[in-house]
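protein-v7.txt, holding compact mmCIF, C-alpha atoms:
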```txt
# COMPACT_ATOMS: atom_id res chain seq x y z
CA MET A 1 9.82 -17.40 34.39
CA LYS A 2 6.14 -18.12 34.14
CA LEU A 3 5.97 -16.05 30.95
CA LEU A 4 8.88 -17.96 29.46
CA THR A 5 7.16 -21.28 30.16
CA LYS A 6 4.03 -19.98 28.51
CA ILE A 7 5.97 -18.87 25.44
CA ILE A 8 7.69 -22.25 25.18
CA PHE A 9 4.34 -24.02 25.45
CA PHE A 10 2.90 -21.73 22.78
CA LEU A 11 5.73 -22.54 20.40
CA TYR A 12 5.39 -26.27 21.22
CA ARG A 13 1.70 -26.05 20.35
CA GLU A 14 2.54 -24.33 17.06
CA TYR A 15 5.09 -27.07 16.36
CA LYS A 16 2.49 -29.78 16.96
CA LEU A 17 -0.05 -28.01 14.74
CA ASN A 18 2.44 -27.51 11.93
CA LEU A 19 3.68 -31.09 12.21
CA SER A 20 0.17 -32.44 11.76
CA GLY A 21 -0.28 -30.17 8.73
CA VAL A 22 3.18 -30.68 7.31
CA GLN A 23 1.81 -31.45 3.85
CA ASP A 24 0.64 -27.81 3.56
CA ILE A 25 4.19 -26.53 4.02
CA LEU A 26 5.50 -29.13 1.59
CA THR A 27 2.86 -28.09 -0.93
CA ASN A 28 4.13 -24.51 -0.66
CA ILE A 29 7.64 -25.67 -1.47
CA ILE A 30 6.43 -27.83 -4.35
CA PHE A 31 4.57 -24.79 -5.69
CA PHE A 32 7.84 -22.85 -5.49
CA PHE A 33 9.77 -25.44 -7.49
CA VAL A 34 7.05 -26.05 -10.06
CA SER A 35 6.83 -22.31 -10.71
CA ILE A 36 10.61 -22.24 -11.25
CA PHE A 37 10.13 -24.98 -13.87
CA ILE A 38 7.33 -22.99 -15.51
CA PHE A 39 9.52 -19.90 -15.60
CA ILE A 40 12.40 -21.80 -17.20
CA PHE A 41 10.06 -23.32 -19.80
CA SER A 42 8.68 -19.90 -20.69
CA ILE A 43 12.09 -18.21 -21.04
CA GLY A 44 13.95 -21.07 -22.65
CA PRO A 45 16.90 -23.01 -21.19
CA ASP A 46 19.57 -20.49 -22.18
CA LYS A 47 22.12 -20.40 -19.35
CA GLU A 48 23.24 -16.78 -19.83
CA THR A 49 19.71 -15.37 -19.70
CA ILE A 50 18.76 -17.47 -16.70
CA SER A 51 21.78 -16.43 -14.65
CA LEU A 52 21.09 -12.80 -15.58
CA ILE A 53 17.51 -12.74 -14.29
CA GLY A 54 17.73 -15.71 -11.91
CA VAL A 55 17.88 -13.68 -8.71
CA GLY A 56 14.80 -11.69 -9.64
CA ILE A 57 12.86 -14.84 -10.47
CA LEU A 58 13.97 -16.47 -7.21
CA TRP A 59 12.81 -13.56 -5.08
CA THR A 60 9.51 -13.10 -6.94
CA LEU A 61 8.61 -16.76 -6.56
CA LEU A 62 9.65 -16.82 -2.90
CA LEU A 63 7.34 -13.86 -2.30
CA LEU A 64 4.44 -15.42 -4.22
CA SER A 65 4.68 -18.82 -2.58
CA SER A 66 5.09 -17.47 0.93
CA THR A 67 1.96 -15.34 0.52
CA LEU A 68 -0.01 -18.42 -0.56
CA SER A 69 -0.50 -19.74 2.94
CA LEU A 70 -1.34 -16.39 4.55
CA ARG A 71 -4.98 -17.30 4.81
CA LYS A 72 -4.13 -19.78 7.57
CA PHE A 73 -2.09 -17.31 9.63
CA TYR A 74 -4.78 -16.51 12.22
CA GLN A 75 -7.90 -17.97 10.62
CA ASP A 76 -7.88 -21.46 12.20
CA ASP A 77 -7.15 -20.17 15.70
CA PHE A 78 -9.75 -17.45 15.23
CA GLU A 79 -12.49 -19.82 14.14
CA ASN A 80 -12.03 -22.50 16.80
CA GLY A 81 -11.61 -19.93 19.57
CA ASN A 82 -7.99 -20.64 20.50
CA LEU A 83 -7.05 -17.01 20.01
CA LEU A 84 -9.43 -15.94 22.75
CA ILE A 85 -8.16 -18.67 25.08
CA ILE A 86 -4.55 -17.61 24.52
CA HIS A 87 -5.56 -14.03 25.27
CA LEU A 88 -7.35 -15.09 28.45
CA ASN A 89 -4.15 -16.83 29.55
CA GLY A 90 -2.43 -13.49 29.91
CA PHE A 91 -1.03 -12.65 26.50
CA SER A 92 -1.91 -9.24 25.14
CA TYR A 93 -3.07 -9.06 21.52
CA GLY A 94 0.13 -7.39 20.42
CA PHE A 95 2.22 -10.10 22.07
CA ILE A 96 0.13 -12.81 20.38
CA ALA A 97 0.90 -11.08 17.07
CA ILE A 98 4.65 -11.13 17.80
CA LEU A 99 4.58 -14.81 18.79
CA LYS A 100 2.52 -15.78 15.76
CA THR A 101 4.89 -13.88 13.49
CA LEU A 102 7.84 -15.69 15.05
CA SER A 103 6.19 -19.07 14.62
CA HIS A 104 5.27 -18.25 11.01
CA PHE A 105 8.90 -17.37 10.40
CA ILE A 106 10.14 -20.59 11.98
CA PHE A 107 7.66 -23.05 10.53
CA VAL A 108 6.84 -21.58 7.11
CA GLN A 109 9.82 -19.46 6.03
CA ILE A 110 12.68 -21.65 7.34
CA PRO A 111 11.72 -24.54 4.98
CA PHE A 112 12.04 -22.06 2.09
CA LEU A 113 15.42 -21.01 3.45
CA LEU A 114 16.52 -24.65 3.41
CA SER A 115 15.31 -25.16 -0.16
CA ILE A 116 17.14 -22.09 -1.53
CA PRO A 117 20.44 -23.90 -2.41
CA ILE A 118 18.62 -26.35 -4.69
CA ALA A 119 16.77 -23.48 -6.34
CA CYS A 120 20.08 -21.66 -6.83
CA ILE A 121 21.49 -24.71 -8.64
CA LEU A 122 18.40 -24.84 -10.87
CA LEU A 123 18.60 -21.13 -11.67
CA ASN A 124 22.35 -21.16 -12.30
CA ILE A 125 23.23 -18.71 -9.49
CA SER A 126 26.90 -18.98 -8.54
CA ASN A 127 28.06 -20.25 -5.14
CA GLU A 128 29.60 -16.90 -4.18
CA LYS A 129 26.21 -15.24 -4.44
CA LEU A 130 24.52 -17.91 -2.32
CA ILE A 131 25.53 -16.29 0.98
CA TYR A 132 24.01 -12.96 -0.15
CA VAL A 133 20.78 -14.74 -1.10
CA PHE A 134 20.72 -16.31 2.36
CA ILE A 135 21.28 -13.02 4.19
CA SER A 136 18.73 -11.09 2.13
CA PHE A 137 16.14 -13.81 2.46
CA THR A 138 16.61 -14.17 6.21
CA ILE A 139 15.93 -10.46 6.77
CA GLY A 140 13.33 -10.22 4.00
CA SER A 141 11.31 -13.21 5.15
CA LEU A 142 11.02 -11.75 8.65
CA ILE A 143 9.62 -8.59 7.05
CA LEU A 144 7.26 -10.73 4.97
CA SER A 145 6.07 -12.52 8.12
CA CYS A 146 5.32 -9.20 9.82
CA LEU A 147 3.44 -7.91 6.77
CA GLY A 148 1.57 -11.20 6.55
CA SER A 149 0.54 -10.88 10.18
CA ILE A 150 -0.83 -7.37 9.54
CA SER A 151 -2.72 -8.25 6.38
CA SER A 152 -4.18 -11.54 7.59
CA SER A 153 -5.36 -10.01 10.86
CA MET A 154 -7.02 -7.25 8.83
CA ASN A 155 -8.88 -9.82 6.75
CA LEU A 156 -10.11 -12.05 9.58
CA MET A 157 -13.71 -10.90 9.23
CA ASN A 158 -13.48 -10.59 5.47
CA GLN A 159 -15.57 -13.47 4.16
CA ARG A 160 -15.84 -12.44 0.52
CA ASN A 161 -12.54 -11.28 -0.86
CA TYR A 162 -9.84 -13.79 0.05
CA LEU A 163 -7.16 -12.48 -2.30
CA LEU A 164 -7.08 -9.01 -0.76
CA GLY A 165 -4.63 -10.11 1.95
CA SER A 166 -2.06 -11.32 -0.57
CA VAL A 167 -2.43 -8.12 -2.60
CA ILE A 168 -1.76 -6.02 0.51
CA VAL A 169 1.40 -7.98 1.30
CA MET A 170 2.64 -7.73 -2.28
CA ILE A 171 2.05 -3.97 -2.45
CA PHE A 172 4.05 -3.33 0.71
CA SER A 173 6.83 -5.73 -0.25
CA VAL A 174 7.96 -3.62 -3.22
CA PRO A 175 10.85 -1.94 -1.30
CA ILE A 176 11.90 -5.32 0.11
CA ILE A 177 12.19 -6.77 -3.38
CA ILE A 178 14.17 -3.75 -4.59
CA PHE A 179 16.71 -3.81 -1.77
CA SER A 180 17.02 -7.60 -1.51
CA VAL A 181 17.71 -8.06 -5.19
CA GLY A 182 20.06 -5.06 -4.90
CA ILE A 183 22.02 -6.82 -2.15
CA ILE A 184 22.58 -9.85 -4.36
CA ASN A 185 23.32 -8.05 -7.61
CA LEU A 186 25.38 -5.07 -6.38
CA GLU A 187 27.91 -6.63 -4.06
CA GLU A 188 29.91 -3.44 -3.62
CA ASN A 189 26.88 -1.78 -1.98
CA PHE A 190 26.32 -4.71 0.38
CA ASN A 191 26.69 -2.81 3.66
CA SER A 192 24.46 0.15 2.88
CA LEU A 193 21.68 -1.94 1.32
CA THR A 194 21.72 -4.42 4.21
CA ASN A 195 21.41 -1.52 6.64
CA ILE A 196 18.41 -0.15 4.75
CA LEU A 197 16.76 -3.57 4.69
CA PHE A 198 17.41 -3.98 8.41
CA GLY A 199 15.90 -0.56 9.02
CA ILE A 200 12.75 -1.56 7.14
CA LEU A 201 12.63 -4.72 9.28
CA LEU A 202 12.77 -2.67 12.50
CA ILE A 203 10.03 -0.28 11.31
CA VAL A 204 7.72 -3.11 10.28
CA PHE A 205 8.48 -5.03 13.45
CA ALA A 206 7.45 -1.98 15.47
CA ILE A 207 4.23 -1.42 13.52
CA ASN A 208 3.25 -5.10 13.51
CA PRO A 209 2.10 -5.65 17.14
CA TRP A 210 0.18 -2.38 17.16
CA ALA A 211 -1.68 -2.88 13.88
CA SER A 212 -2.34 -6.61 14.10
CA GLY A 213 -3.17 -6.44 17.79
CA LEU A 214 -5.79 -3.78 17.12
CA CYS A 215 -7.26 -5.78 14.23
CA LEU A 216 -7.35 -9.00 16.31
CA LYS A 217 -9.09 -7.16 19.15
CA LEU A 218 -11.66 -5.68 16.74
CA SER A 219 -12.41 -9.00 15.09
CA LEU A 220 -12.71 -10.88 18.38
CA GLU A 221 -14.99 -8.22 19.88
CA ASN A 222 -17.31 -8.08 16.89
CA SER A 223 -17.46 -11.71 15.77
CA MET B 1 -14.91 24.62 12.59
CA LYS B 2 -17.15 22.07 14.27
CA PHE B 3 -18.70 21.05 10.97
CA LEU B 4 -15.49 19.21 10.10
CA VAL B 5 -16.09 16.62 12.80
CA ASN B 6 -19.82 16.64 13.44
CA PRO B 7 -22.20 15.04 10.88
CA SER B 8 -25.31 17.11 11.66
CA LYS B 9 -23.34 20.39 11.68
CA PHE B 10 -21.75 19.25 8.44
CA ASN B 11 -25.17 18.73 6.88
CA GLU B 12 -26.23 22.26 7.86
CA ILE B 13 -23.12 23.92 6.49
CA ALA B 14 -23.09 21.75 3.36
CA ASP B 15 -26.61 22.85 2.44
CA TYR B 16 -25.42 26.45 2.55
CA ILE B 17 -22.20 26.13 0.63
CA PHE B 18 -22.97 23.44 -1.93
CA LYS B 19 -24.55 25.65 -4.61
CA PRO B 20 -21.94 28.45 -4.40
CA ILE B 21 -19.16 25.88 -4.65
CA LEU B 22 -20.80 24.25 -7.67
CA ILE B 23 -21.18 27.61 -9.44
CA LEU B 24 -17.66 28.63 -8.48
CA SER B 25 -16.25 25.36 -9.83
CA ILE B 26 -18.05 25.80 -13.16
CA VAL B 27 -16.82 29.39 -13.48
CA LEU B 28 -13.27 28.50 -12.51
CA PHE B 29 -13.23 25.54 -14.88
CA ALA B 30 -14.43 27.68 -17.79
CA LEU B 31 -11.90 30.39 -16.98
CA GLY B 32 -9.08 27.90 -16.44
CA LEU B 33 -9.77 26.01 -19.66
CA LEU B 34 -9.93 29.31 -21.54
CA PHE B 35 -6.56 30.33 -20.11
CA ALA B 36 -5.04 26.88 -20.56
CA LEU B 37 -6.19 26.25 -24.12
CA TYR B 38 -6.12 29.72 -25.74
CA LEU B 39 -4.51 32.47 -23.70
CA SER B 40 -1.35 30.79 -22.44
CA PRO B 41 1.64 30.57 -24.80
CA ASP B 42 3.15 27.42 -26.28
CA ASP B 43 6.33 26.12 -24.75
CA TYR B 44 9.40 26.75 -26.87
CA GLN B 45 10.44 23.08 -26.73
CA GLN B 46 7.27 21.14 -25.98
CA GLY B 47 4.94 23.08 -28.25
CA SER B 48 1.30 22.59 -27.50
CA THR B 49 1.71 19.47 -25.35
CA VAL B 50 2.56 21.69 -22.40
CA ARG B 51 -1.17 22.24 -22.00
CA ILE B 52 -1.54 18.67 -20.67
CA MET B 53 0.32 19.94 -17.60
CA TYR B 54 -2.68 22.09 -16.62
CA VAL B 55 -4.65 18.89 -15.98
CA HIS B 56 -1.79 16.66 -14.89
CA VAL B 57 -0.27 18.75 -12.11
CA PRO B 58 -3.50 19.71 -10.25
CA SER B 59 -4.76 16.13 -10.29
CA ALA B 60 -1.39 14.87 -8.99
CA TRP B 61 -1.41 17.41 -6.17
CA LEU B 62 -4.98 16.58 -5.28
CA SER B 63 -4.39 12.83 -5.28
CA LEU B 64 -1.69 13.34 -2.65
CA LEU B 65 -3.74 15.92 -0.74
CA THR B 66 -6.78 13.62 -0.60
CA TYR B 67 -4.70 10.80 0.86
CA ALA B 68 -3.09 13.14 3.39
CA ILE B 69 -6.49 14.37 4.57
CA MET B 70 -7.72 10.77 4.78
CA THR B 71 -4.70 9.96 6.95
CA LEU B 72 -5.47 12.87 9.28
CA TYR B 73 -9.10 11.80 9.55
CA SER B 74 -8.05 8.20 10.25
CA ILE B 75 -5.84 9.35 13.11
CA ALA B 76 -8.68 11.51 14.44
CA ALA B 77 -11.19 8.69 14.10
CA LEU B 78 -9.03 6.02 15.75
CA ALA B 79 -7.41 8.11 18.47
CA PHE B 80 -10.19 10.53 19.44
CA ARG B 81 -13.17 8.31 18.51
CA ILE B 82 -14.66 10.70 15.96
CA PRO B 83 -16.96 8.62 13.74
CA PHE B 84 -17.07 11.37 11.11
CA GLY B 85 -13.56 10.28 10.10
CA PHE B 86 -14.85 6.86 9.05
CA ILE B 87 -17.64 8.49 7.04
CA PHE B 88 -15.08 10.73 5.36
CA ASN B 89 -12.75 7.83 4.51
CA THR B 90 -15.51 5.78 2.92
CA ALA B 91 -16.84 8.72 0.93
CA VAL B 92 -13.62 10.27 -0.31
CA ALA B 93 -11.48 7.26 -1.36
CA PRO B 94 -13.03 6.92 -4.88
CA ILE B 95 -12.44 10.66 -5.51
CA GLY B 96 -8.76 10.25 -4.75
CA ALA B 97 -8.59 7.16 -6.94
CA VAL B 98 -10.10 9.08 -9.87
CA PHE B 99 -7.65 11.96 -9.39
CA THR B 100 -4.75 9.49 -9.41
CA LEU B 101 -6.11 7.82 -12.54
CA ILE B 102 -6.43 11.20 -14.31
CA CYS B 103 -2.86 12.00 -13.27
CA ILE B 104 -1.50 8.69 -14.62
CA ILE B 105 -3.43 8.82 -17.90
CA SER B 106 -2.64 12.46 -18.68
CA GLY B 107 0.98 11.86 -17.75
CA SER B 108 1.33 8.96 -20.14
CA LEU B 109 -0.43 10.92 -22.88
CA TRP B 110 2.24 13.59 -22.38
CA GLY B 111 5.02 11.04 -22.15
CA LYS B 112 4.41 9.47 -25.55
CA PRO B 113 5.30 12.58 -27.64
CA MET B 114 7.89 13.94 -25.19
CA TRP B 115 9.76 10.93 -23.79
CA GLY B 116 8.85 8.61 -26.65
CA THR B 117 7.14 6.04 -24.45
CA TRP B 118 3.86 5.63 -22.65
CA TRP B 119 5.43 4.34 -19.46
CA VAL B 120 8.87 4.11 -17.89
CA TRP B 121 9.76 2.34 -14.65
CA ASP B 122 10.87 5.48 -12.96
CA ALA B 123 10.56 6.09 -9.22
CA ARG B 124 7.87 8.79 -9.41
CA LEU B 125 5.69 6.90 -11.88
CA THR B 126 5.97 3.61 -9.99
CA SER B 127 5.15 5.15 -6.63
CA VAL B 128 2.10 6.92 -8.08
CA ALA B 129 0.95 3.61 -9.57
CA ILE B 130 1.31 2.04 -6.11
CA LEU B 131 -0.72 4.93 -4.66
CA PHE B 132 -3.47 4.09 -7.18
CA VAL B 133 -3.43 0.41 -6.16
CA ILE B 134 -3.64 1.44 -2.49
CA TYR B 135 -6.72 3.55 -3.27
CA LEU B 136 -8.25 0.55 -5.08
CA ILE B 137 -7.57 -1.72 -2.10
CA ILE B 138 -9.28 0.81 0.19
CA ILE B 139 -12.35 0.86 -2.08
CA PHE B 140 -12.46 -2.96 -2.29
CA MET B 141 -12.10 -3.28 1.48
CA ASN B 142 -15.10 -1.00 1.85
CA PHE B 143 -17.14 -3.52 -0.12
CA SER B 144 -15.89 -6.80 1.28
CA PHE B 145 -16.64 -6.70 5.02
CA GLU B 146 -19.98 -7.73 6.47
CA ASN B 147 -19.52 -6.04 9.83
CA ARG B 148 -19.57 -2.24 9.68
CA VAL B 149 -17.59 -1.53 12.86
CA VAL B 150 -14.77 -3.87 11.86
CA ARG B 151 -14.75 -2.58 8.30
CA GLU B 152 -14.34 1.10 9.08
CA LYS B 153 -11.64 0.57 11.70
CA VAL B 154 -9.69 -1.89 9.56
CA VAL B 155 -9.84 0.51 6.61
CA ALA B 156 -8.58 3.33 8.86
CA ILE B 157 -5.66 1.18 10.03
CA PHE B 158 -4.87 0.26 6.43
CA ILE B 159 -4.88 3.95 5.44
CA LEU B 160 -2.44 4.70 8.26
CA VAL B 161 -0.11 1.88 7.21
CA GLY B 162 -0.40 2.88 3.55
CA SER B 163 0.51 6.50 4.25
CA VAL B 164 4.15 5.32 4.23
CA ASN B 165 3.87 5.76 0.47
CA LEU B 166 3.13 9.50 0.63
CA PRO B 167 6.65 10.80 1.40
CA ILE B 168 8.03 8.30 -1.12
CA VAL B 169 5.83 9.82 -3.84
CA LYS B 170 6.69 13.37 -2.79
CA PHE B 171 10.45 12.98 -2.49
CA SER B 172 11.05 10.30 -5.15
CA VAL B 173 12.26 12.94 -7.61
CA ASP B 174 14.81 14.21 -5.09
CA TRP B 175 16.02 10.88 -3.72
CA TRP B 176 16.50 9.06 -7.02
CA ASN B 177 17.73 10.16 -10.38
CA THR B 178 14.48 10.06 -12.30
CA LEU B 179 13.26 10.88 -15.77
CA HIS B 180 10.38 12.76 -14.19
CA GLN B 181 11.40 16.35 -13.48
CA PRO B 182 11.76 17.58 -9.88
CA ALA B 183 9.22 19.97 -8.35
CA THR B 184 9.01 23.27 -10.21
CA ILE B 185 6.88 25.12 -7.70
CA SER B 186 8.05 24.96 -4.11
CA LYS B 187 7.51 27.08 -1.07
CA LEU B 188 11.12 27.85 -0.30
CA SER B 189 12.33 29.18 -3.62
CA LYS B 190 10.98 31.37 -6.37
CA PRO B 191 9.02 29.21 -8.84
CA SER B 192 10.91 28.55 -12.05
CA ILE B 193 7.77 28.77 -14.16
CA ASP B 194 6.71 31.79 -16.17
CA PRO B 195 3.73 33.81 -14.79
CA SER B 196 1.85 33.35 -18.08
CA MET B 197 1.82 29.61 -17.42
CA MET B 198 1.53 29.96 -13.63
CA THR B 199 -1.86 31.74 -13.88
CA PRO B 200 -3.81 28.97 -15.67
CA LEU B 201 -2.14 26.36 -13.44
CA ILE B 202 -3.33 28.12 -10.28
CA ILE B 203 -6.83 28.63 -11.69
CA MET B 204 -7.08 24.98 -12.76
CA THR B 205 -5.86 23.85 -9.32
CA PHE B 206 -8.62 25.81 -7.61
CA ALA B 207 -11.16 24.50 -10.12
CA PHE B 208 -10.10 20.91 -9.36
CA ILE B 209 -10.28 21.59 -5.61
CA MET B 210 -13.81 23.01 -5.97
CA VAL B 211 -15.00 20.04 -8.05
CA GLY B 212 -13.46 17.68 -5.51
CA ILE B 213 -15.19 19.45 -2.62
CA ALA B 214 -18.53 19.45 -4.44
CA ILE B 215 -18.41 15.70 -5.14
CA ALA B 216 -17.12 15.02 -1.62
CA ILE B 217 -20.06 16.93 -0.10
CA LEU B 218 -22.53 14.88 -2.11
CA ARG B 219 -20.85 11.59 -1.22
CA ILE B 220 -20.49 12.41 2.48
CA LYS B 221 -24.16 13.40 2.70
CA THR B 222 -25.17 10.12 1.03
CA GLU B 223 -22.96 8.20 3.43
CA ILE B 224 -24.50 9.94 6.46
CA ILE B 225 -28.03 9.16 5.22
CA SER B 226 -27.17 5.52 4.54
CA ARG B 227 -25.73 5.17 8.06
CA LYS B 228 -28.86 6.67 9.58
CA SER B 229 -31.05 4.18 7.72
CA TYR B 230 -28.66 1.40 8.73
CA LEU B 231 -28.97 2.25 12.41
CA SER B 232 -32.72 2.70 12.51
```
Turn this file's structure into structure tokens for me.
Amino acid sequence: MKLLTKIIFFLYREYKLNLSGVQDILTNIIFFFVSIFIFIFSIGPDKETISLIGVGILWTLLLLSSTLSLRKFYQDDFENGNLLIIHLNGFSYGFIAILKTLSHFIFVQIPFLLSIPIACILLNISNEKLIYVFISFTIGSLILSCLGSISSSMNLMNQRNYLLGSVIVMIFSVPIIIFSVGIINLEENFNSLTNILFGILLIVFAINPWASGLCLKLSLENS
Amino acid sequence: MKFLVNPSKFNEIADYIFKPILILSIVLFALGLLFALYLSPDDYQQGSTVRIMYVHVPSAWLSLLTYAIMTLYSIAALAFRIPFGFIFNTAVAPIGAVFTLICIISGSLWGKPMWGTWWVWDARLTSVAILFVIYLIIIFMNFSFENRVVREKVVAIFILVGSVNLPIVKFSVDWWNTLHQPATISKLSKPSIDPSMMTPLIIMTFAFIMVGIAIAILRIKTEIISRKSYLS
């Protein structure tokens, strides 16, 4: 019961923090839409072409814009010492990683999820495919949150090369892109591809607390 | 076998074996190139381009082998607190990257006359390209951390996470229907390659291994010296 109260307070704190910095999240979404515009301008407004490659564009831009804000995943809490205080309150490093991943999913990825229908209208993706986009993005964005947790905890002490974290996430998200776009485009293979994507989610979710917890511990001990 | 985990023992052994390995690598390279370029026959379909294989296949094997050894050393270093693993990872990553680059370049040089294109988005080629990017990230991470303790452990964790790619590279030709041909030489069945082409391939593989070991010895010794000067 005590643990549950602590978790609720942690999420409430995250909510407060994200509410005060809500313009960051909105900027992410604006980046997403502006890059859709840029894509359309560069291909030309031909409806057939756009609906052919629309799903790929949608997923690529979702990936790019959700890796934009990775720098802030642990960095603020790490620099003002909140991470250490949370740890002293009885959360292990691995559990902090899980909670942070969950809060990143709720407060950064859910706004993207809500803005997907508008993007689908812009990219001429039919309404029947919308449900597949939703399912693939819900699973895929959880995987992206886990990968983001791993890469940003690795780069906590990295003061020179800020882009490395995004590159790490993008390298490991190649299978996610393949299977998610496969779910939307090949509807007859829906079950098998969803199972594979879910399997990747479980693997990454199991690796995440171990890897990011170890990196957080290292950075806090040596800072 | 203590020299594989102990820096000072490694220095002793390395002083003994460095010159023989260097000589052996030169001899093997000369012999292998002689076999590969003059003594082995042309392929009946590919003509003379089959000789690219004698560089392509050993470098591909060694790029995978280097990463596998780095993974083993990362496990040893993180789990059993053997600092030699960190030294090994820092020293050997560029060697693996160069092997992967040789593999990619020679493969695309072969692909242009045979497949008619420099590059196709086939599972084997893409996964090897990702392996190359992972090597590059490891090298960049080695440069971009101020704190040494954090750097080496974070790089070891990244190597462990990145080793997911290894089975994908190995089995990509079996799992997907690729343009790249499946493995010709495997342990379980008789190799489907003619002995006249098998001989130069084996010699070139050993030559590549010897060159890799020679460069690795030099780089590991430099790394050990730089750590000593860092500590003192």
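In this model, the gap between CA of Leu142 in chain A and CA of Gln23 in chain A comes to 22.3 Å.
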Each residue of chain A lying at most 9 Å from chain B should get a row with its shortest atom-to-atom pair and the distance in Å to one decimal, counting only C-alpha atoms; could you produce that, ordered by chain and increasing number, as CSV?
```
residue,atom,partner,partner_atom,distance
A:Ser151,CA,B:Phe158,CA,8.8
A:Met154,CA,B:Val154,CA,6.0
A:Asn155,CA,B:Val154,CA,8.5
A:Met157,CA,B:Phe145,CA,6.6
A:Asn158,CA,B:Phe145,CA,5.0
A:Gln159,CA,B:Phe145,CA,6.9
A:Arg160,CA,B:Ser144,CA,5.7
A:Asn161,CA,B:Ser144,CA,6.0
A:Leu164,CA,B:Ile137,CA,7.4
A:Val167,CA,B:Ile137,CA,8.2
A:Ile168,CA,B:Ile137,CA,7.7
A:Ile171,CA,B:Ile130,CA,7.1
A:Phe172,CA,B:Gly162,CA,8.2
A:Ile207,CA,B:Val161,CA,8.3
A:Ala211,CA,B:Ile157,CA,6.9
A:Leu214,CA,B:Ile157,CA,8.7
A:Cys215,CA,B:Val154,CA,6.5
A:Leu218,CA,B:Val150,CA,6.1
A:Ser219,CA,B:Val150,CA,6.5
A:Asn222,CA,B:Val150,CA,7.0
A:Ser223,CA,B:Asn147,CA,8.5
```
(message) So, with all atoms listed in the file as the atoms that count, which of A:Phe112, A:Phe39, A:Phe179, A:Phe91 lies closest to Thr27 in chain A?
(response) A:Phe112
(request) Around the point (-4.1, -16.5, 25.3) in the file's coordinates, collect all residues with an atom within 12 Å, using all atoms listed in the file, and return them as a VMD selection string. (result) chain A and resid 3 6 to 7 9 to 10 77 to 78 81 to 97 99 to 100
(request) Tell me, in Å to one decimal, how far CA of Ile43 in chain A is from CA of Val108 in chain A. (result) 28.8 Å
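For Ile75 in chain B, the non-local neighbours within 12 Å, defined as residues at least 5 positions apart in the same chain or in other chains and counting only C-alpha atoms, are B:Ala68, B:Ile69, B:Met70, B:Phe80, B:Arg81, B:Ile82, B:Pro83, B:Phe84, B:Gly85, B:Phe86, B:Asn89, B:Lys153, B:Val155, B:Ala156, B:Ile157, B:Phe158, B:Ile159, B:Leu160, B:Val161, B:Ser163.
CA of Ser192 in chain A sits 17.7 Å away from CA of Ile143 in chain A.
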(message) Need to verify the contact set: Ser180 in chain A, 8 Å, only C-alpha atoms, exclusion of same-chain residues closer than 5 positions in sequence. Can you return it as a list of chain:residue names?
(response)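 Returned residues: A:Ser136, A:Phe137, A:Gly140, A:Leu193, A:Leu197.
Residue nearest Thr90 in chain B within the list B:Arg51, B:Arg219, B:Lys19, B:Lys228: B:Arg219 [criterion: smallest interatomic distance, only C-alpha atoms].
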Counting all atoms listed in the file, note down every residue that has an atom within 8 Å of the point (8.2, -18.7, 3.1) (file coordinates), as a JSON list (two decimals) with C-alpha atoms, keeping the file's coordinate frame.
```json
[["chain", "number", "residue", "atom", "x", "y", "z"],
["A", 62, "LEU", "CA", 9.65, -16.82, -2.90],
["A", 63, "LEU", "CA", 7.34, -13.86, -2.30],
["A", 65, "SER", "CA", 4.68, -18.82, -2.58],
["A", 66, "SER", "CA", 5.09, -17.47, 0.93],
["A", 67, "THR", "CA", 1.96, -15.34, 0.52],
["A", 105, "PHE", "CA", 8.90, -17.37, 10.40],
["A", 108, "VAL", "CA", 6.84, -21.58, 7.11],
["A", 109, "GLN", "CA", 9.82, -19.46, 6.03],
["A", 110, "ILE", "CA", 12.68, -21.65, 7.34],
["A", 111, "PRO", "CA", 11.72, -24.54, 4.98],
["A", 112, "PHE", "CA", 12.04, -22.06, 2.09],
["A", 113, "LEU", "CA", 15.42, -21.01, 3.45],
["A", 141, "SER", "CA", 11.31, -13.21, 5.15]]
```
(request) Return the single residue from B:Trp110, B:Phe208, B:Trp176, B:Tyr54 that is closest to Val27 in chain B, with distances computed using all atoms listed in the file. (result) B:Phe208
(request) Rank nothing, just name the residue among A:Ser103, A:Asp76, A:Ile118, A:Ile177 nearest to Tyr15 in chain A, using all atoms listed in the file. (result)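 When distances to Tyr15 in chain A are compared using all atoms listed in the file, the smallest one comes from A:Ser103.
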(request) For Tyr132 in chain A, work out the shell of residues within 10 Å, counting only C-alpha atoms and skipping chain neighbours fewer than 3 positions away, then give it as a PyMOL selection string. (result) chain A and resi 127-129+135-138+180-181+183-185+187+190+194
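Among B:Gly47, B:Leu136, B:Pro20, B:Asp15, the residue with the shortest atom-to-atom distance to Phe3 in chain B, counting only C-alpha atoms, is B:Asp15.
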(request) Just the residues within 9 Å of Ser51 in chain A, please, counting all atoms listed in the file, with nothing from its chain fewer than 3 positions along; format it as a PyMOL selection string. (result) chain A and resi 46-48+54-55+123-126
(request) Could you tell me which of B:Ile139, B:Asp174, B:Thr184, B:Met204 comes closest to Leu37 in chain B if we count all atoms listed in the file? (result) B:Met204
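Look at Gln75 in chain A: the protein and nucleic acid residues within 9 Å of it, using all atoms listed in the file and passing over chain neighbours fewer than 3 places away, are A:Arg71, A:Lys72, A:Phe78, A:Glu79, A:Asn80, A:Ser152, A:Ser153, A:Leu156.
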Give the centre and edge lengths of an axis-aligned box, in Å to one decimal, that holds all listed atoms of range 73-85 of chain B with 6 Å on each side, as AutoDock Vina command-line options.
```
--center_x -11.5 --center_y 8.9 --center_z 14.5 --size_x 23.2 --size_y 17.8 --size_z 21.9
```
